[in-house]
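The file final.cif comes next; it holds mmCIF, C-alpha atoms and all ligand atoms.
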```cif
data_run
#
loop_
_atom_site.label_atom_id
_atom_site.label_comp_id
_atom_site.auth_asym_id
_atom_site.auth_seq_id
_atom_site.Cartn_x
_atom_site.Cartn_y
_atom_site.Cartn_z
CA MET A 1 63.76 130.13 109.25
CA ALA A 2 64.74 126.97 107.42
CA ARG A 3 66.18 124.21 109.59
CA ARG A 4 69.93 124.07 109.33
CA ARG A 5 71.50 120.96 107.95
CA GLN A 6 73.22 118.93 110.62
CA ILE A 7 76.63 117.70 109.48
CA TYR A 8 77.71 115.66 112.51
CA GLU A 9 76.67 114.97 116.08
CA GLY A 10 79.33 114.08 118.63
CA LYS A 11 79.07 113.39 122.34
CA ALA A 12 79.36 117.02 123.44
CA LYS A 13 78.86 119.05 120.27
CA ILE A 14 76.84 119.26 117.07
CA LEU A 15 78.14 120.64 113.79
CA PHE A 16 75.72 122.39 111.42
CA GLU A 17 76.25 123.74 107.94
CA GLY A 18 77.56 127.32 108.23
CA PRO A 19 76.25 130.48 106.58
CA GLU A 20 78.99 130.50 103.92
CA PRO A 21 80.78 127.69 102.08
CA GLY A 22 83.73 126.44 104.08
CA THR A 23 82.18 127.35 107.44
CA LEU A 24 80.36 125.34 110.09
CA VAL A 25 78.40 126.23 113.20
CA GLN A 26 79.69 124.39 116.27
CA TYR A 27 76.94 123.95 118.90
CA PHE A 28 77.98 123.06 122.47
CA LYS A 29 75.64 120.66 124.33
CA ASP A 30 75.29 120.16 128.08
CA ASP A 31 75.68 116.40 127.55
CA ALA A 32 78.66 114.79 129.21
CA THR A 33 80.07 111.32 128.67
CA ALA A 34 83.02 109.50 130.12
CA PHE A 35 84.82 106.20 129.67
CA ASN A 36 83.93 106.03 126.00
CA ASN A 37 80.25 106.73 126.48
CA GLN A 38 79.69 104.21 129.30
CA LYS A 39 78.84 107.01 131.73
CA LYS A 40 76.33 109.58 130.55
CA GLY A 41 74.96 112.72 132.14
CA VAL A 42 74.06 116.36 131.75
CA ILE A 43 76.06 119.22 133.23
CA THR A 44 73.62 122.13 133.21
CA GLY A 45 75.16 125.20 131.60
CA LYS A 46 78.31 123.36 130.46
CA GLY A 47 77.70 124.11 126.77
CA VAL A 48 77.43 127.85 127.42
CA LEU A 49 80.60 127.88 129.51
CA ASN A 50 82.64 125.69 127.15
CA ASN A 51 81.59 127.86 124.20
CA ARG A 52 83.00 130.92 126.01
CA ILE A 53 86.09 129.19 127.41
CA SER A 54 87.03 127.68 124.05
CA GLU A 55 86.39 131.02 122.31
CA TYR A 56 88.68 132.76 124.77
CA LEU A 57 91.51 130.21 124.60
CA MET A 58 91.39 129.82 120.79
CA THR A 59 91.42 133.62 120.43
CA CYS A 60 94.47 133.93 122.71
CA LEU A 61 96.23 131.17 120.77
CA GLY A 62 95.35 132.90 117.49
CA GLU A 63 96.99 136.05 118.84
CA ILE A 64 100.30 134.24 119.38
CA GLY A 65 100.18 132.87 115.85
CA ILE A 66 98.64 129.42 116.30
CA PRO A 67 96.23 128.90 113.39
CA THR A 68 92.81 127.72 114.62
CA HIS A 69 89.45 126.85 113.09
CA PHE A 70 87.71 129.45 115.30
CA VAL A 71 86.10 132.43 113.53
CA ARG A 72 83.73 134.02 116.06
CA ARG A 73 81.17 133.22 118.72
CA LEU A 74 77.62 133.52 117.38
CA ASN A 75 75.54 133.20 120.53
CA MET A 76 75.42 131.47 123.93
CA ARG A 77 75.96 127.98 122.59
CA GLU A 78 77.31 128.40 119.07
CA GLN A 79 80.47 129.51 117.35
CA LEU A 80 81.34 129.89 113.71
CA VAL A 81 84.34 127.79 112.68
CA ARG A 82 86.20 127.04 109.46
CA GLU A 83 85.32 123.67 107.98
CA VAL A 84 88.35 121.41 108.25
CA GLU A 85 89.10 117.77 107.57
CA ILE A 86 89.68 116.43 111.06
CA ILE A 87 92.87 114.40 111.44
CA PRO A 88 91.64 111.28 113.30
CA ILE A 89 94.15 111.64 116.13
CA GLU A 90 93.71 112.93 119.67
CA VAL A 91 96.91 114.59 120.86
CA VAL A 92 97.27 114.36 124.64
CA ILE A 93 99.89 116.55 126.32
CA ARG A 94 100.78 115.74 129.93
CA ASN A 95 102.68 117.83 132.48
CA VAL A 96 101.70 115.93 135.62
CA VAL A 97 100.79 112.25 136.06
CA ALA A 98 97.01 111.75 136.15
CA GLY A 99 94.14 109.78 134.61
CA SER A 100 94.95 106.96 132.22
CA LEU A 101 98.72 107.51 132.56
CA ALA A 102 98.54 106.98 136.33
CA LYS A 103 96.46 103.85 135.74
CA ARG A 104 98.65 102.42 132.98
CA PHE A 105 101.87 102.61 134.99
CA ALA A 106 100.42 102.36 138.51
CA MET A 107 101.78 105.81 139.29
CA GLU A 108 100.51 108.28 141.81
CA GLU A 109 98.38 111.11 140.43
CA GLY A 110 99.99 114.50 140.97
CA THR A 111 103.61 113.54 140.28
CA ALA A 112 105.17 116.26 138.12
CA LEU A 113 106.80 114.91 134.95
CA PRO A 114 110.45 115.87 134.29
CA ARG A 115 109.40 116.80 130.75
CA SER A 116 106.05 117.03 129.02
CA ILE A 117 104.82 113.83 127.41
CA VAL A 118 102.90 113.84 124.14
CA GLU A 119 100.67 110.86 123.41
CA PHE A 120 98.48 110.05 120.42
CA CYS A 121 95.18 108.18 120.36
CA TYR A 122 93.34 107.04 117.25
CA LYS A 123 89.86 108.58 117.22
CA SER A 124 87.50 105.63 117.12
CA ASP A 125 84.61 105.12 119.53
CA GLU A 126 84.29 101.46 118.47
CA MET A 127 87.93 100.77 119.35
CA GLY A 128 87.86 102.97 122.47
CA ASP A 129 90.37 105.55 121.15
CA PRO A 130 93.45 103.28 121.36
CA LEU A 131 96.87 104.72 122.14
CA VAL A 132 98.99 104.71 118.96
CA SER A 133 102.56 105.59 118.06
CA GLU A 134 103.86 107.93 115.37
CA GLU A 135 104.64 104.81 113.33
CA HIS A 136 100.98 103.77 113.29
CA ILE A 137 99.91 107.29 112.32
CA THR A 138 102.26 107.53 109.35
CA ALA A 139 102.06 103.87 108.27
CA PHE A 140 98.25 103.93 108.21
CA GLY A 141 98.25 107.30 106.45
CA TRP A 142 96.34 109.23 109.13
CA ALA A 143 98.97 111.98 108.89
CA ALA A 144 102.22 112.45 106.96
CA PRO A 145 105.50 112.64 108.89
CA GLN A 146 105.84 116.39 108.22
CA ASP A 147 102.23 116.97 109.35
CA LEU A 148 102.94 115.11 112.56
CA ASP A 149 106.08 117.21 113.17
CA GLU A 150 103.99 120.33 112.77
CA ILE A 151 101.27 118.98 115.07
CA MET A 152 103.87 118.12 117.72
CA ALA A 153 105.56 121.54 117.50
CA MET A 154 102.21 123.35 117.72
CA SER A 155 101.08 121.17 120.63
CA LEU A 156 104.20 121.94 122.68
CA ARG A 157 103.87 125.65 121.96
CA ILE A 158 100.19 125.53 122.99
CA ASN A 159 101.19 123.69 126.15
CA ASP A 160 103.78 126.34 127.08
CA PHE A 161 101.33 129.14 126.45
CA LEU A 162 98.34 127.57 128.23
CA THR A 163 100.45 126.43 131.20
CA GLY A 164 101.43 130.07 131.81
CA LEU A 165 97.95 131.42 131.14
CA PHE A 166 96.34 129.03 133.65
CA LEU A 167 99.09 129.51 136.22
CA GLY A 168 98.28 133.21 136.12
CA ILE A 169 94.76 132.42 137.38
CA GLY A 170 95.87 129.91 140.01
CA LEU A 171 95.35 126.72 137.98
CA LYS A 172 97.78 123.94 137.12
CA LEU A 173 97.39 122.53 133.61
CA ILE A 174 97.86 118.86 134.41
CA ASP A 175 97.07 117.49 130.93
CA PHE A 176 94.84 118.20 127.95
CA LYS A 177 93.71 116.90 124.60
CA LEU A 178 93.91 118.65 121.23
CA GLU A 179 92.56 117.90 117.78
CA PHE A 180 93.82 119.27 114.50
CA GLY A 181 92.34 119.58 111.03
CA ARG A 182 93.42 120.22 107.45
CA LEU A 183 92.31 123.47 105.90
CA TRP A 184 92.68 124.05 102.15
CA GLU A 185 93.17 127.55 100.76
CA ASN A 186 93.99 127.96 97.07
CA GLU A 187 95.34 124.41 96.72
CA GLN A 188 97.50 124.99 99.80
CA MET A 189 96.96 122.82 102.87
CA ARG A 190 97.43 124.18 106.38
CA ILE A 191 97.10 122.33 109.66
CA VAL A 192 94.99 124.21 112.17
CA LEU A 193 93.88 123.63 115.75
CA ALA A 194 90.25 122.45 115.77
CA ASP A 195 87.55 121.08 118.12
CA GLU A 196 87.55 122.81 121.54
CA ILE A 197 89.71 123.55 124.58
CA SER A 198 87.63 123.49 127.77
CA PRO A 199 87.39 121.75 131.15
CA ASP A 200 85.97 118.80 129.17
CA SER A 201 89.32 118.34 127.47
CA CYS A 202 91.77 119.60 130.14
CA ARG A 203 92.67 118.64 133.68
CA LEU A 204 92.92 121.80 135.78
CA TRP A 205 93.84 121.73 139.47
CA ASP A 206 93.83 124.65 141.87
CA VAL A 207 97.45 125.60 142.53
CA LYS A 208 97.04 125.89 146.30
CA THR A 209 94.56 123.13 147.16
CA ASN A 210 94.87 120.74 144.17
CA GLU A 211 91.08 120.85 143.92
CA LYS A 212 89.98 119.47 140.55
CA LEU A 213 88.19 122.03 138.38
CA ASP A 214 87.44 119.93 135.30
CA LYS A 215 85.50 116.96 133.94
CA ASP A 216 87.08 114.59 136.47
CA ARG A 217 84.42 115.95 138.89
CA PHE A 218 81.84 114.29 136.61
CA ARG A 219 83.92 111.19 135.75
CA ARG A 220 84.58 110.46 139.43
CA ASP A 221 81.29 111.70 140.94
CA LEU A 222 83.04 114.39 142.99
CA GLY A 223 80.04 116.76 142.97
CA ASN A 224 79.93 120.52 142.22
CA VAL A 225 80.56 119.84 138.53
CA GLU A 226 78.75 122.95 137.20
CA GLU A 227 80.47 125.07 139.84
CA ALA A 228 83.91 123.86 138.73
CA TYR A 229 83.29 124.88 135.09
CA GLN A 230 81.92 128.22 136.30
CA GLU A 231 84.96 128.78 138.48
CA VAL A 232 87.30 128.27 135.49
CA ALA A 233 85.26 130.78 133.45
CA ARG A 234 85.16 133.19 136.40
CA ARG A 235 88.93 133.07 136.84
CA LEU A 236 89.39 133.64 133.12
CA GLY A 237 87.12 136.68 133.54
CA ILE A 238 84.56 135.46 131.02
CA LEU A 239 81.60 134.33 133.13
CA PRO A 240 78.37 135.29 131.33
CA GLU A 241 77.52 138.51 133.13
CA SER A 242 73.81 138.52 133.65
CA GLY A 243 73.98 135.56 136.01
CA PRO A 244 71.58 132.65 136.15
CA ARG A 245 69.18 134.16 133.60
CA ASP A 246 71.98 134.15 131.08
CA MET A 247 72.42 130.44 131.66
CA PRO A 248 70.18 127.88 130.03
CA GLY A 249 67.45 126.75 132.37
CA PRO A 250 65.73 123.43 131.73
CA GLU A 251 63.30 125.16 129.36
CA THR A 252 66.00 125.69 126.75
CA MET A 253 67.39 122.18 126.92
CA GLN A 254 67.01 119.97 123.88
P1 LIG B 301 93.29 110.44 130.07
O1 LIG B 301 94.19 110.56 131.27
O2 LIG B 301 91.95 109.87 130.39
O3 LIG B 301 93.95 109.72 128.94
O4 LIG B 301 93.02 111.93 129.55
C1 LIG B 301 94.05 112.82 129.25
C2 LIG B 301 93.48 114.20 128.91
O5 LIG B 301 92.74 114.17 127.72
C3 LIG B 301 92.51 114.74 129.97
O6 LIG B 301 92.78 116.12 130.14
C4 LIG B 301 91.16 114.56 129.39
C5 LIG B 301 91.38 114.58 127.90
N1 LIG B 301 90.52 113.64 127.19
C6 LIG B 301 89.60 114.11 126.27
O7 LIG B 301 89.48 115.31 126.06
N2 LIG B 301 88.84 113.19 125.60
C7 LIG B 301 88.94 111.86 125.79
O8 LIG B 301 88.21 111.10 125.16
C8 LIG B 301 89.90 111.39 126.76
C9 LIG B 301 90.05 109.92 127.02
C10 LIG B 301 90.66 112.31 127.41
#
```
Mind turning this structure into structure tokens?
Amino acid sequence: MARRRQIYEGKAKILFEGPEPGTLVQYFKDDATAFNNQKKGVITGKGVLNNRISEYLMTCLGEIGIPTHFVRRLNMREQLVREVEIIPIEVVIRNVVAGSLAKRFAMEEGTALPRSIVEFCYKSDEMGDPLVSEEHITAFGWAAPQDLDEIMAMSLRINDFLTGLFLGIGLKLIDFKLEFGRLWENEQMRIVLADEISPDSCRLWDVKTNEKLDKDRFRRDLGNVEEAYQEVARRLGILPESGPRDMPGPETMQ
């Protein structure tokens, strides 16, 4: 079979040309990075789990009417997605103080926020994804004011839905990051949810013990990183069934 054309390689995923115009294949790697690429590692099986977790969450969101780029999962590590023009903004939604918010304001991690906070970062590895305001986004033309309103409304709706979904499986959605893209259909532009939703892009704490079940286990060298991702998939009821043989051993790593 002819080698597929690679469109883009990010830190955790690769995008290939899709089978039809307007589609891409999103491949999930086991590579993990933190602190803007300063810390690098491999979380064995992460790509397989994130592919499933993101498929599941995007499908649920689709069912409540949130438009997403997701089309269908193709195999263990790949999903078919609609090709979108990524808006260069990371939308971070926070329900509980943690991570960079705790650091920025010298606040204790775990403090519940009286209302959810939405933050925006400009996607730029060279600049270290700086925090930006709505004014920067509209003045620099990264998104129009009405696009930003739509992004904000969708993000809050996604937060409400995911908070309930995770609570149902004993997990607190502390914070998470979303990305959106522009999709053109017959001269009409729609904003859709893109990228992924997984323990790479969410903070998830066990409701009873506050145990961290997300990428902070890797960022902070807490151990049992693979197990945490597996536990999230298990609770969602989507753990690949055939056990370890279904997971990529070292022989299938790139
Ligand atoms: P932060 O506290 O480090 O700013 O992260 C907030 C949330 O966003 C957390 O759930 C992790 C996620 N996130 C990403 O998905 N990608 C990133 O590059 C960063 C910095 C955070």
To one decimal place in Å, what is the distance between atom CA of Gln79 of chain A and atom CA of Ser198 of chain A?
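Interatomic distance, atom CA of Gln79 of chain A to atom CA of Ser198 of chain A: 14.0 Å.
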7 Å shell around ligand LIG 301 (chain B) using all atoms listed in the file, listed as a ChimeraX atom specification:
/A:35-36,92,98-101,175-177,200-203
Would you compute the distance between atom CA of Gly181 of chain A and atom CA of Asp147 of chain A? Give it in Å to one decimal.
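Rounded to one decimal, the two atoms are 10.4 Å apart.
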Listed atoms of segment 220-239 of chain A boxed along x, y and z, 8 Å each side, centre and edge lengths in Å, one decimal, as AutoDock Vina command-line options:
```
--center_x 84.1 --center_y 123.6 --center_z 137.0 --size_x 26.6 --size_y 42.2 --size_z 28.0
```
In terms of all atoms listed in the file, the residue from A:Val192, A:Ile93, A:Asp30, A:Val225 at minimal distance from Met58 of chain A is A:Val192
Could you tell me which of A:Gln26, A:Ser124, A:Thr59, A:Ser116 comes closest to Leu80 of chain A if we count all atoms listed in the file?
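Using all atoms listed in the file, Leu80 of chain A sits closest to A:Gln26.
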I'd like the contact shell of segment 210-215 of chain A - 12 Å cut-off, all atoms listed in the file, skipping same-chain residues fewer than 6 positions apart - returned as JSON, numbers by chain.
{"A": [31, 32, 33, 34, 35, 41, 42, 43, 46, 49, 50, 96, 98, 99, 109, 110, 111, 166, 170, 171, 172, 173, 174, 175, 176, 197, 198, 199, 200, 201, 202, 203, 204, 221, 222, 223, 224, 225, 226, 227, 228, 229, 230, 231, 232, 233, 234, 235]}
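Residue nearest Glu135 of chain A, chosen from A:Leu61, A:Leu148, A:Val48, A:Leu156 and counting all atoms listed in the file: A:Leu148.
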For a quick check of understanding, using only C-alpha atoms, which of A:Phe28, A:Trp205, A:Tyr122, A:Phe218 has the smallest distance to Glu9 of chain A?
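Looking at the shortest contact to Glu9 of chain A, the residue is A:Phe28.
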In Å to one decimal, how far is atom CA of Val84 of chain A from atom CA of His136 of chain A?
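Straight-line distance from atom CA of His136 of chain A to atom CA of Val84 of chain A works out to 22.3 Å.
In this comparison, which uses all atoms listed in the file, the residue of A:Asp149, A:Val91, A:Arg73, A:Asp160 approaching Arg115 of chain A most closely is A:Asp160.
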Quick one: residues within 12 Å of Pro130 of chain A, only C-alpha atoms, excluding same-chain residues fewer than 2 positions away - as a CSV table (one decimal) with C-alpha atoms, in the frame of the given file?
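Output (out-v8.csv):
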```
chain,number,residue,atom,x,y,z
A,36,ASN,CA,83.9,106.0,126.0
A,88,PRO,CA,91.6,111.3,113.3
A,89,ILE,CA,94.2,111.6,116.1
A,90,GLU,CA,93.7,112.9,119.7
A,91,VAL,CA,96.9,114.6,120.9
A,100,SER,CA,95.0,107.0,132.2
A,119,GLU,CA,100.7,110.9,123.4
A,120,PHE,CA,98.5,110.0,120.4
A,121,CYS,CA,95.2,108.2,120.4
A,122,TYR,CA,93.3,107.0,117.2
A,123,LYS,CA,89.9,108.6,117.2
A,124,SER,CA,87.5,105.6,117.1
A,125,ASP,CA,84.6,105.1,119.5
A,126,GLU,CA,84.3,101.5,118.5
A,127,MET,CA,87.9,100.8,119.4
A,128,GLY,CA,87.9,103.0,122.5
A,132,VAL,CA,99.0,104.7,119.0
A,133,SER,CA,102.6,105.6,118.1
A,136,HIS,CA,101.0,103.8,113.3
A,137,ILE,CA,99.9,107.3,112.3
```
